[in-house]
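For reference, my_file-v7.tsv is printed below; it contains TSV, C-alpha atoms.
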```
chain	number	residue	atom	x	y	z
E	1	MET	CA	57.61	8.54	-14.43
E	2	HIS	CA	53.83	9.13	-14.36
E	3	THR	CA	52.50	12.28	-15.94
E	4	PHE	CA	49.93	14.59	-14.43
E	5	GLY	CA	47.19	13.01	-16.61
E	6	TYR	CA	47.89	9.50	-15.31
E	7	ARG	CA	47.87	10.70	-11.70
E	8	ALA	CA	44.61	12.66	-12.18
E	9	ASN	CA	43.02	9.59	-13.81
E	10	ALA	CA	44.08	7.35	-10.92
E	11	LEU	CA	42.75	9.83	-8.34
E	12	LEU	CA	39.45	10.27	-10.20
E	13	THR	CA	39.02	6.49	-10.55
E	14	LEU	CA	39.65	6.01	-6.84
E	15	GLY	CA	37.15	8.75	-5.96
E	16	VAL	CA	34.43	7.35	-8.23
E	17	THR	CA	35.02	3.81	-6.86
E	18	ILE	CA	34.68	5.02	-3.26
E	19	LEU	CA	31.53	7.00	-4.15
E	20	ALA	CA	29.99	3.93	-5.86
E	21	LEU	CA	30.75	1.76	-2.80
E	22	MET	CA	29.17	4.33	-0.48
E	23	CYS	CA	26.04	4.49	-2.67
E	24	ALA	CA	25.81	0.69	-2.71
E	25	MET	CA	26.12	0.56	1.11
E	26	ALA	CA	23.45	3.25	1.51
E	27	SER	CA	21.11	1.37	-0.80
E	28	PHE	CA	21.80	-1.93	0.96
E	29	SER	CA	21.11	-0.40	4.38
E	30	ASP	CA	17.51	0.35	3.31
E	31	ASN	CA	16.83	-3.41	3.25
E	32	PHE	CA	17.01	-3.43	7.06
E	33	ASN	CA	14.23	-0.84	7.45
E	34	LEU	CA	10.86	-2.47	8.08
E	35	PRO	CA	8.31	0.34	7.79
E	36	SER	CA	5.00	0.05	9.64
E	37	PRO	CA	2.88	2.95	8.36
E	38	SER	CA	-0.74	3.44	9.32
E	39	ALA	CA	-3.60	5.15	7.52
E	40	ARG	CA	-7.30	5.82	7.95
E	41	VAL	CA	-9.68	7.33	5.39
E	42	GLU	CA	-13.24	8.42	6.09
E	43	VAL	CA	-15.74	9.30	3.38
E	44	LEU	CA	-17.63	12.12	5.07
E	45	ASN	CA	-19.98	13.04	2.27
E	46	VAL	CA	-20.92	12.29	-1.32
E	47	ASN	CA	-21.07	15.91	-2.53
E	48	TRP	CA	-22.64	15.02	-5.84
E	49	PHE	CA	-23.19	11.92	-7.88
E	50	GLN	CA	-24.33	12.56	-11.42
E	51	LYS	CA	-24.46	11.20	-14.92
E	52	GLN	CA	-22.52	13.30	-17.43
E	53	ARG	CA	-23.92	14.18	-20.87
E	54	ASN	CA	-21.78	11.45	-22.45
E	55	GLY	CA	-23.33	8.82	-20.12
E	56	ASN	CA	-20.43	8.44	-17.70
E	57	ASP	CA	-20.91	8.49	-13.93
E	58	GLU	CA	-19.04	11.13	-11.92
E	59	VAL	CA	-18.71	11.42	-8.13
E	60	SER	CA	-17.34	14.09	-5.80
E	61	LEU	CA	-16.41	12.97	-2.27
E	62	THR	CA	-15.40	14.77	0.91
E	63	LEU	CA	-12.62	12.81	2.62
E	64	ASN	CA	-10.70	12.79	5.89
E	65	ILE	CA	-7.26	11.29	5.23
E	66	SER	CA	-5.02	10.52	8.21
E	67	ALA	CA	-1.69	8.75	7.83
E	68	ASP	CA	1.58	8.19	9.62
E	69	LEU	CA	4.32	7.38	7.09
E	70	GLN	CA	7.25	8.40	9.30
E	71	SER	CA	8.55	4.83	9.49
E	72	ALA	CA	9.03	4.86	5.69
E	73	PHE	CA	11.74	7.51	6.08
E	74	THR	CA	15.39	6.57	6.59
E	75	TRP	CA	18.54	8.61	6.26
E	76	ASN	CA	18.61	7.57	2.57
E	77	THR	CA	15.06	8.82	1.79
E	78	LYS	CA	14.79	11.87	-0.43
E	79	GLN	CA	10.98	12.12	-0.51
E	80	VAL	CA	7.81	10.01	-0.48
E	81	PHE	CA	5.08	10.25	-3.11
E	82	VAL	CA	1.69	9.27	-1.67
E	83	PHE	CA	-1.67	8.91	-3.41
E	84	LEU	CA	-5.16	7.71	-2.57
E	85	ALA	CA	-6.93	5.58	-5.17
E	86	ALA	CA	-10.47	4.23	-5.46
E	87	GLU	CA	-10.46	0.64	-6.72
E	88	TYR	CA	-13.47	-1.32	-7.91
E	89	GLU	CA	-14.54	-4.02	-10.36
E	90	THR	CA	-16.88	-3.78	-13.35
E	91	THR	CA	-18.01	-6.28	-15.95
E	92	GLN	CA	-15.60	-4.74	-18.47
E	93	ASN	CA	-12.54	-4.53	-16.18
E	94	SER	CA	-11.46	-6.67	-13.26
E	95	LEU	CA	-9.65	-3.68	-11.71
E	96	ASN	CA	-10.50	-0.02	-12.12
E	97	GLN	CA	-8.13	2.27	-10.25
E	98	ILE	CA	-8.77	6.01	-10.07
E	99	SER	CA	-6.47	8.41	-8.26
E	100	LEU	CA	-8.44	10.74	-5.98
E	101	TRP	CA	-5.68	12.67	-4.18
E	102	ASP	CA	-1.88	12.83	-4.13
E	103	ALA	CA	0.97	14.63	-2.39
E	104	ILE	CA	4.75	14.70	-2.11
E	105	ILE	CA	6.10	14.37	1.42
E	106	PRO	CA	9.53	16.04	1.50
E	107	SER	CA	10.62	15.06	5.03
E	108	LYS	CA	9.88	12.88	8.04
E	109	GLU	CA	8.39	15.88	9.89
E	110	HIS	CA	5.63	16.14	7.26
E	111	ALA	CA	4.97	12.38	7.10
E	112	LYS	CA	2.33	12.38	9.84
E	113	PHE	CA	-0.69	14.25	8.52
E	114	SER	CA	-4.44	14.57	8.71
E	115	ILE	CA	-6.28	16.46	6.00
E	116	HIS	CA	-9.90	17.24	5.20
E	117	THR	CA	-10.36	17.51	1.42
E	118	THR	CA	-12.49	16.74	-1.59
E	119	ASN	CA	-11.14	14.44	-4.26
E	120	LYS	CA	-8.46	16.32	-6.21
E	121	TYR	CA	-9.11	14.29	-9.37
E	122	ARG	CA	-12.46	13.28	-10.83
E	123	LEU	CA	-13.93	9.92	-9.87
E	124	THR	CA	-15.40	9.11	-13.27
E	125	ASP	CA	-16.37	5.76	-14.77
E	126	GLN	CA	-17.02	4.86	-18.39
E	127	GLY	CA	-20.73	4.15	-18.39
E	128	SER	CA	-23.15	4.02	-15.49
E	129	ASN	CA	-21.30	1.43	-13.41
E	130	LEU	CA	-20.88	3.39	-10.16
E	131	ARG	CA	-24.45	3.32	-8.81
E	132	GLY	CA	-24.48	1.20	-5.64
E	133	LYS	CA	-20.89	0.15	-6.31
E	134	GLU	CA	-18.73	-1.21	-3.50
E	135	PHE	CA	-15.17	0.09	-3.67
E	136	ASN	CA	-11.88	0.07	-1.78
E	137	LEU	CA	-9.76	3.07	-0.93
E	138	THR	CA	-6.05	2.30	-1.20
E	139	LEU	CA	-3.28	4.54	0.09
E	140	HIS	CA	-0.16	3.97	-2.03
E	141	TRP	CA	3.28	5.37	-1.30
E	142	HIS	CA	6.53	5.32	-3.24
E	143	VAL	CA	9.75	5.93	-1.31
E	144	MET	CA	12.26	7.77	-3.49
E	145	PRO	CA	15.77	7.25	-2.09
E	146	LYS	CA	18.80	9.45	-2.54
E	147	THR	CA	20.53	6.41	-4.01
E	148	GLY	CA	19.27	2.93	-4.86
E	149	LYS	CA	15.97	1.48	-5.96
E	150	MET	CA	12.53	2.91	-5.31
E	151	PHE	CA	10.27	1.11	-2.85
E	152	ALA	CA	6.47	1.07	-3.07
E	153	ASP	CA	3.76	-0.25	-0.76
E	154	LYS	CA	0.08	0.30	0.03
E	155	ILE	CA	-2.67	-0.03	2.61
E	156	VAL	CA	-6.07	-1.23	1.35
E	157	MET	CA	-9.18	-0.06	3.21
E	158	THR	CA	-12.40	-1.88	2.31
E	159	GLY	CA	-16.11	-1.44	2.85
E	160	TYR	CA	-17.03	1.77	1.03
E	161	HIS	CA	-20.26	2.09	-0.99
E	162	LEU	CA	-21.64	4.63	-3.43
E	163	PRO	CA	-25.36	5.55	-3.40
E	164	GLU	CA	-27.90	3.75	-5.59
E	165	ASP	CA	-29.36	7.03	-6.94
E	166	TYR	CA	-27.90	10.11	-8.58
E	167	ARG	CA	-27.79	13.31	-6.50
```

Mind turning the file's structure into structure tokens?
Amino acid sequence: MHTFGYRANALLTLGVTILALMCAMASFSDNFNLPSPSARVEVLNVNWFQKQRNGNDEVSLTLNISADLQSAFTWNTKQVFVFLAAEYETTQNSLNQISLWDAIIPSKEHAKFSIHTTNKYRLTDQGSNLRGKEFNLTLHWHVMPKTGKMFADKIVMTGYHLPEDYR
């Protein structure tokens, strides 16, 4: 005859196995979602562009950020982390990536947004490499599921320039 402990163990094992299978199916179902987000970023103004005392360039920008990330949400999505980065090349580094703004999108209803903001984080370069620099603005997003692996993607927007002179 089986004791209470054996029966509880069998029931718990069955429950955990069913839960693991459900999590695996939820994670697998995300592979069928083909998101098609859109984004547009406008640099409205260079508020100031100066050289710091230590010789580094620093820029403040006014931005219009519009994005529709609703297609990145599925029934398995917990939240989406989104950030805007400035990317450019210098002689020292082939890729410089500086985060300008970020947000956490908790639900599909908040995934379509348009904001008018200044850069949340400093756009600073080591040295005076930013004068007249061409740069890209890249909107990155990381989909954090309830179960399964994280998914990340980005939209690269090209053709932005910084002024030749300090302001």

- So which one's closest to Val41 of chain E, E:Asn64, E:Thr147, E:Thr138, E:Asn119? Using only C-alpha atoms, please.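 Going through E:Asn64, E:Thr147, E:Thr138, E:Asn119 one by one, the smallest distance to Val41 of chain E is for E:Asn64.
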
- Would you please work out which residue, of E:Leu34, E:Leu84, E:Leu130, E:Ile115, is nearest to Glu58 of chain E when using all atoms listed in the file?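 With all atoms listed in the file as the atom set, the closest residue is E:Leu130.
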
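Distances here use only C-alpha atoms; by that measure, the residue among E:Ser29, E:Ser107, E:Gln92, E:Gln52 closest to Val80 of chain E is E:Ser107.
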
- Message: Between atom CA of Ile155 of chain E and atom CA of Trp75 of chain E, what is the distance in Å, rounded to a tenth?
- Response: 23.2 Å

- Distance in Å - atom CA of Val82 of chain E versus atom CA of Ala103 of chain E: 5.5 Å

- With all atoms listed in the file counted, which protein, DNA or RNA residues have an atom no more than 7 Å from (-16.7, 0.3, -8.4) in the file frame? Please answer as a ChimeraX atom specification. /E:87-90,129-130,133-135

As lines of an AutoDock Vina configuration file, please report the centre and edge lengths, rounded to one decimal in Å, of the axis-aligned box that holds all listed atoms of segment 41-45 of chain E with 4 Å of padding on each of the six sides.
```
center_x = -14.8
center_y = 10.2
center_z = 4.2
size_x = 18.3
size_y = 13.7
size_z = 11.8
```

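Considering all atoms listed in the file, the residue among E:Val16, E:Asn9, E:Ala111, E:Glu42 positioned nearest to Gly159 of chain E is E:Glu42.
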
- Quick one: pull the distance between atom CA of Thr91 of chain E and atom CA of Asn47 of chain E, Å, one decimal. 26.1 Å

- Query: Of the residues E:Ser114, E:Thr124, E:Thr77, E:Asn96, which is the one nearest to Ser27 of chain E, using only C-alpha atoms?
  - Reply: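 Checking each of E:Ser114, E:Thr124, E:Thr77, E:Asn96 against Ser27 of chain E, counting only C-alpha atoms, the winner is E:Thr77.
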
- Message: Would you pick out the contacts of segment 66-72 of chain E at 6 Å or less, using only C-alpha atoms, so that residues sharing its chain but fewer than 4 positions from it are not included, and give the list as an MDAnalysis selection string?
- Response: chainID E and resid 35:40 108 111:114

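Counting only C-alpha atoms and comparing E:Phe73, E:Ala24, E:Gly132, E:Leu137, the residue that lies closest to His110 of chain E is E:Phe73.
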
List every protein, DNA or RNA residue that has an atom no more than 12 Å from (-24.1, 9.4, -22.8) in the file's coordinate frame, counting only C-alpha atoms, and report them as a PDB file with C-alpha atoms, keeping the file's coordinate frame.
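Once written, result_37.pdb looks like this:
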```pdb
ATOM      1  CA  GLN E  50     -24.330  12.560 -11.420  1.00  0.00           C
ATOM      2  CA  LYS E  51     -24.460  11.200 -14.920  1.00  0.00           C
ATOM      3  CA  GLN E  52     -22.520  13.300 -17.430  1.00  0.00           C
ATOM      4  CA  ARG E  53     -23.920  14.180 -20.870  1.00  0.00           C
ATOM      5  CA  ASN E  54     -21.780  11.450 -22.450  1.00  0.00           C
ATOM      6  CA  GLY E  55     -23.330   8.820 -20.120  1.00  0.00           C
ATOM      7  CA  ASN E  56     -20.430   8.440 -17.700  1.00  0.00           C
ATOM      8  CA  ASP E  57     -20.910   8.490 -13.930  1.00  0.00           C
ATOM      9  CA  ASP E 125     -16.370   5.760 -14.770  1.00  0.00           C
ATOM     10  CA  GLN E 126     -17.020   4.860 -18.390  1.00  0.00           C
ATOM     11  CA  GLY E 127     -20.730   4.150 -18.390  1.00  0.00           C
ATOM     12  CA  SER E 128     -23.150   4.020 -15.490  1.00  0.00           C
TER      13      SER E 128
END
```

Near His116 of chain E, counting all atoms listed in the file, which residues have an atom at most 8 Å away, once you skip same-chain residues fewer than 3 positions from it, shown as a short mmCIF file (atom, residue, chain, number, x, y, z; two decimals) with C-alpha atoms, keeping the file's coordinate frame?
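Final file, result.cif:
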```cif
data_model
loop_
_atom_site.label_atom_id
_atom_site.label_comp_id
_atom_site.auth_asym_id
_atom_site.auth_seq_id
_atom_site.Cartn_x
_atom_site.Cartn_y
_atom_site.Cartn_z
CA THR E 62 -15.40 14.77 0.91
CA LEU E 63 -12.62 12.81 2.62
CA ASN E 64 -10.70 12.79 5.89
CA ILE E 65 -7.26 11.29 5.23
#
```

- Message: So that I can check the surroundings of segment 121-123 of chain E, please list as a PyMOL selection string every protein, DNA and RNA residue that reaches within 10 Å of it, counting all atoms listed in the file and ignoring chain neighbours fewer than 6 positions away.
- Response: chain E and resi 49+57-61+85-86+97-102+130

Rebuild N, CA and C atoms on segment 66-81 of chain E, as a PDB file, keeping the file's coordinate frame?
```pdb
ATOM      1  N   SER E  66      -6.018  10.466   7.131  1.00  0.00           N
ATOM      2  CA  SER E  66      -5.020  10.520   8.210  1.00  0.00           C
ATOM      3  C   SER E  66      -4.011   9.415   7.959  1.00  0.00           C
ATOM      4  N   ALA E  67      -2.726   9.754   8.060  1.00  0.00           N
ATOM      5  CA  ALA E  67      -1.690   8.750   7.830  1.00  0.00           C
ATOM      6  C   ALA E  67      -0.441   9.095   8.630  1.00  0.00           C
ATOM      7  N   ASP E  68       0.281   8.046   8.980  1.00  0.00           N
ATOM      8  CA  ASP E  68       1.580   8.190   9.620  1.00  0.00           C
ATOM      9  C   ASP E  68       2.574   7.364   8.811  1.00  0.00           C
ATOM     10  N   LEU E  69       3.341   8.044   7.962  1.00  0.00           N
ATOM     11  CA  LEU E  69       4.320   7.380   7.090  1.00  0.00           C
ATOM     12  C   LEU E  69       5.747   7.637   7.558  1.00  0.00           C
ATOM     13  N   GLN E  70       5.921   8.061   8.804  1.00  0.00           N
ATOM     14  CA  GLN E  70       7.250   8.400   9.300  1.00  0.00           C
ATOM     15  C   GLN E  70       8.203   7.206   9.276  1.00  0.00           C
ATOM     16  N   SER E  71       7.670   6.010   9.476  1.00  0.00           N
ATOM     17  CA  SER E  71       8.550   4.830   9.490  1.00  0.00           C
ATOM     18  C   SER E  71       9.092   4.492   8.099  1.00  0.00           C
ATOM     19  N   ALA E  72       8.529   5.081   7.052  1.00  0.00           N
ATOM     20  CA  ALA E  72       9.030   4.860   5.690  1.00  0.00           C
ATOM     21  C   ALA E  72      10.289   5.684   5.413  1.00  0.00           C
ATOM     22  N   PHE E  73      10.574   6.649   6.267  1.00  0.00           N
ATOM     23  CA  PHE E  73      11.740   7.510   6.080  1.00  0.00           C
ATOM     24  C   PHE E  73      12.969   6.921   6.757  1.00  0.00           C
ATOM     25  N   THR E  74      14.077   6.929   6.036  1.00  0.00           N
ATOM     26  CA  THR E  74      15.390   6.570   6.590  1.00  0.00           C
ATOM     27  C   THR E  74      16.333   7.715   6.229  1.00  0.00           C
ATOM     28  N   TRP E  75      17.576   7.565   6.598  1.00  0.00           N
ATOM     29  CA  TRP E  75      18.540   8.610   6.260  1.00  0.00           C
ATOM     30  C   TRP E  75      18.824   8.656   4.762  1.00  0.00           C
ATOM     31  N   ASN E  76      18.407   7.624   4.008  1.00  0.00           N
ATOM     32  CA  ASN E  76      18.610   7.570   2.570  1.00  0.00           C
ATOM     33  C   ASN E  76      17.363   8.019   1.787  1.00  0.00           C
ATOM     34  N   THR E  77      16.303   8.446   2.467  1.00  0.00           N
ATOM     35  CA  THR E  77      15.060   8.820   1.790  1.00  0.00           C
ATOM     36  C   THR E  77      15.108  10.285   1.357  1.00  0.00           C
ATOM     37  N   LYS E  78      14.846  10.507   0.086  1.00  0.00           N
ATOM     38  CA  LYS E  78      14.790  11.870  -0.430  1.00  0.00           C
ATOM     39  C   LYS E  78      13.397  12.453  -0.236  1.00  0.00           C
ATOM     40  N   GLN E  79      12.365  11.699  -0.654  1.00  0.00           N
ATOM     41  CA  GLN E  79      10.980  12.120  -0.510  1.00  0.00           C
ATOM     42  C   GLN E  79      10.075  10.908  -0.688  1.00  0.00           C
ATOM     43  N   VAL E  80       8.808  11.075  -0.312  1.00  0.00           N
ATOM     44  CA  VAL E  80       7.810  10.010  -0.480  1.00  0.00           C
ATOM     45  C   VAL E  80       6.641  10.585  -1.269  1.00  0.00           C
ATOM     46  N   PHE E  81       6.261   9.892  -2.327  1.00  0.00           N
ATOM     47  CA  PHE E  81       5.080  10.250  -3.110  1.00  0.00           C
ATOM     48  C   PHE E  81       3.941   9.391  -2.611  1.00  0.00           C
TER      49      PHE E  81
END
```
